[in-house]
Every structure is written in structure tokens, then in C-alpha cells.
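Trainee: Please read through the structure below; I'll follow up with questions.
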Amino acid sequence: MKMVFLPIGIAAGLAAGQLSKKPFAAIWGVFDDEEAPRPKHRQISIVKLVPALAVEGAIFRTVRGLADHGTRRGFAKVTGSWPGEEAPEPE
């Protein structure tokens with residue numbers, strides 16, 4: 001069942017990436033009137049780049065995690081099989 005879920009999970013991850021762009025732009029707008037700096041920009045301040053990347057990463061990871069879990073729950077409802085591990089491994 002994991003192989004059946006793989007393309008669904010990839011599609012959900014790509015969609016989550018696109019969905020996370022708007023919240024990031026809105027949150028960055030609170031910090032600065034300019035577009036968020038990107039590593040590809042030549043003339044950027046590292047002082048602005050680091051928080052921009054941290055905020056963008058946190059938002060992306062949250063949206064992607066929620067999308068992944070929701071997709072797995074939907075898959076399990078349809079197929080009756082959970083495509084992943086049942087619980088975290090004990091340390």
C-alpha cells in the first residue's frame with residue numbers, strides 16, 4: 001500500500017508548497033515592505049535573509065505536515081490501510 005500512496009503523497013507535498021507561499025508573503029509583509037530576500041539575490045542583507053528563510057521554512061513544514069497527515073488519514077479511510085508507521089519509535 002505504501003507504493004500506492006507514494007504519488008499521492010508527492011502531489012500533496014507539492015500542493016502544500018504552493019499553499020505555503022501566501023501565508024509566508026503575508027507574514028513577511030508585517031516585517032518588511034520589500035519582497036522577502038532570496039539566496040539568489042546578490043544584494044541582500046544576511047540579517048534579513050536568515051529570518052526570512054527561518055519563517056518560510058517553519059510555515060512550509062507546518063503546512064506540509066498537516067497536508068501529509070490529512071492525506072494519510074483520507075487514504076486510510078478509503079483503503080483501510082495506514083500508509084506509514086503507527087507511532088514514533090521510542091528513544
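Going by the C-alpha cells order, chains are called A, B, ..., each with residues numbered from 1, while ligands are numbered from 1 in the order shown.
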Excluding same-chain residues fewer than 5 positions from Ala58 (chain A), what lies within 12 Å of it counting only C-alpha atoms, as a PyMOL selection string?
Mentor: chain A and resi 17+20-21+23-24+27+51-53+63-65
Trainee: Restricting the output to N, CA and C atoms, write the selected residues as an mmCIF file, in the first residue's frame.
Mentor:
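So the final result, stored in out_5.cif, reads:
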```
data_model
loop_
_atom_site.group_PDB
_atom_site.id
_atom_site.type_symbol
_atom_site.label_atom_id
_atom_site.label_comp_id
_atom_site.auth_asym_id
_atom_site.auth_seq_id
_atom_site.Cartn_x
_atom_site.Cartn_y
_atom_site.Cartn_z
ATOM 1 N N GLY A 17 3.465 23.054 -0.784
ATOM 2 C CA GLY A 17 4.483 24.059 -1.086
ATOM 3 C C GLY A 17 3.876 25.297 -1.711
ATOM 4 N N SER A 20 1.753 27.241 0.921
ATOM 5 C CA SER A 20 2.500 27.931 1.982
ATOM 6 C C SER A 20 3.053 29.279 1.529
ATOM 7 N N LYS A 21 3.044 29.565 0.250
ATOM 8 C CA LYS A 21 3.595 30.828 -0.247
ATOM 9 C C LYS A 21 2.784 32.040 0.205
ATOM 10 N N PRO A 23 0.678 32.483 2.960
ATOM 11 C CA PRO A 23 0.869 32.863 4.372
ATOM 12 C C PRO A 23 2.248 33.459 4.632
ATOM 13 N N PHE A 24 3.272 32.936 3.966
ATOM 14 C CA PHE A 24 4.610 33.483 4.153
ATOM 15 C C PHE A 24 4.670 34.928 3.673
ATOM 16 N N ILE A 27 2.932 37.119 6.230
ATOM 17 C CA ILE A 27 3.699 37.299 7.464
ATOM 18 C C ILE A 27 4.938 38.151 7.210
ATOM 19 N N PRO A 51 16.212 35.414 8.967
ATOM 20 C CA PRO A 51 14.840 35.275 9.471
ATOM 21 C C PRO A 51 13.839 34.947 8.365
ATOM 22 N N ALA A 52 14.054 35.454 7.155
ATOM 23 C CA ALA A 52 13.138 35.143 6.053
ATOM 24 C C ALA A 52 13.129 33.637 5.781
ATOM 25 N N LEU A 53 14.307 33.043 5.739
ATOM 26 C CA LEU A 53 14.394 31.604 5.493
ATOM 27 C C LEU A 53 13.816 30.798 6.657
ATOM 28 N N VAL A 63 2.602 23.525 7.055
ATOM 29 C CA VAL A 63 1.582 23.266 6.029
ATOM 30 C C VAL A 63 1.793 21.884 5.419
ATOM 31 N N ARG A 64 3.036 21.536 5.131
ATOM 32 C CA ARG A 64 3.327 20.236 4.529
ATOM 33 C C ARG A 64 2.981 19.090 5.477
ATOM 34 N N GLY A 65 3.298 19.252 6.748
ATOM 35 C CA GLY A 65 2.982 18.219 7.736
ATOM 36 C C GLY A 65 1.492 18.004 7.885
#
```
Trainee: Can you list, as a PyMOL selection string, every protein, DNA or RNA residue that comes within 12 Å of Ala11 (chain A) when you count only C-alpha atoms, leaving out same-chain residues fewer than 6 positions away?
Mentor: chain A and resi 5+17-18+64+67-68+71
Trainee: My list of candidates is A:Gln43, A:Arg72, A:Ala54, A:Val78. Which is closest to Trp28 (chain A) when distances are computed with only C-alpha atoms?
Mentor: A:Ala54
Trainee: If you run DSSP on the backbone here, which positions in region 23-52 of chain A get helix (DSSP H, G or I)? Please write them as a list of chain:residue names.
Mentor: A:Pro23, A:Phe24, A:Ala25, A:Ala26, A:Ile27, A:Trp28, A:Gly29, A:Val30, A:Phe31, A:Ile46, A:Val47, A:Lys48, A:Leu49, A:Val50, A:Pro51, A:Ala52
Trainee: Those same residues, written as a tab-separated table (two decimals), in the first residue's frame with N, CA and C atoms?
Mentor:
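Wrote again.tsv, looks like this:
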```
chain	number	residue	atom	x	y	z
A	23	PRO	N	0.68	32.48	2.96
A	23	PRO	CA	0.87	32.86	4.37
A	23	PRO	C	2.25	33.46	4.63
A	24	PHE	N	3.27	32.94	3.97
A	24	PHE	CA	4.61	33.48	4.15
A	24	PHE	C	4.67	34.93	3.67
A	25	ALA	N	4.11	35.19	2.50
A	25	ALA	CA	4.12	36.57	1.98
A	25	ALA	C	3.39	37.51	2.93
A	26	ALA	N	2.27	37.05	3.49
A	26	ALA	CA	1.51	37.89	4.42
A	26	ALA	C	2.30	38.16	5.70
A	27	ILE	N	2.93	37.12	6.23
A	27	ILE	CA	3.70	37.30	7.46
A	27	ILE	C	4.94	38.15	7.21
A	28	TRP	N	5.62	37.93	6.08
A	28	TRP	CA	6.80	38.74	5.78
A	28	TRP	C	6.42	40.20	5.61
A	29	GLY	N	5.24	40.47	5.09
A	29	GLY	CA	4.77	41.84	4.91
A	29	GLY	C	4.67	42.60	6.22
A	30	VAL	N	4.51	41.90	7.32
A	30	VAL	CA	4.49	42.54	8.64
A	30	VAL	C	5.88	43.05	9.01
A	31	PHE	N	6.92	42.33	8.59
A	31	PHE	CA	8.30	42.67	8.92
A	31	PHE	C	8.92	43.71	8.00
A	46	ILE	N	22.28	39.59	5.07
A	46	ILE	CA	22.19	38.30	5.76
A	46	ILE	C	21.27	38.45	6.97
A	47	VAL	N	21.25	39.64	7.56
A	47	VAL	CA	20.39	39.90	8.71
A	47	VAL	C	18.91	39.74	8.33
A	48	LYS	N	18.55	40.03	7.09
A	48	LYS	CA	17.18	39.83	6.62
A	48	LYS	C	16.97	38.42	6.07
A	49	LEU	N	18.00	37.87	5.43
A	49	LEU	CA	17.88	36.56	4.80
A	49	LEU	C	17.62	35.45	5.82
A	50	VAL	N	18.35	35.46	6.92
A	50	VAL	CA	18.22	34.39	7.92
A	50	VAL	C	16.80	34.30	8.48
A	51	PRO	N	16.21	35.41	8.97
A	51	PRO	CA	14.84	35.28	9.47
A	51	PRO	C	13.84	34.95	8.36
A	52	ALA	N	14.05	35.45	7.16
A	52	ALA	CA	13.14	35.14	6.05
A	52	ALA	C	13.13	33.64	5.78
```
Trainee: As an exercise, work out the distance from CA of Gly84 (chain A) to CA of Gly13 (chain A) in Å and give it to one decimal place.
Mentor: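 It comes out at 15.4 Å.
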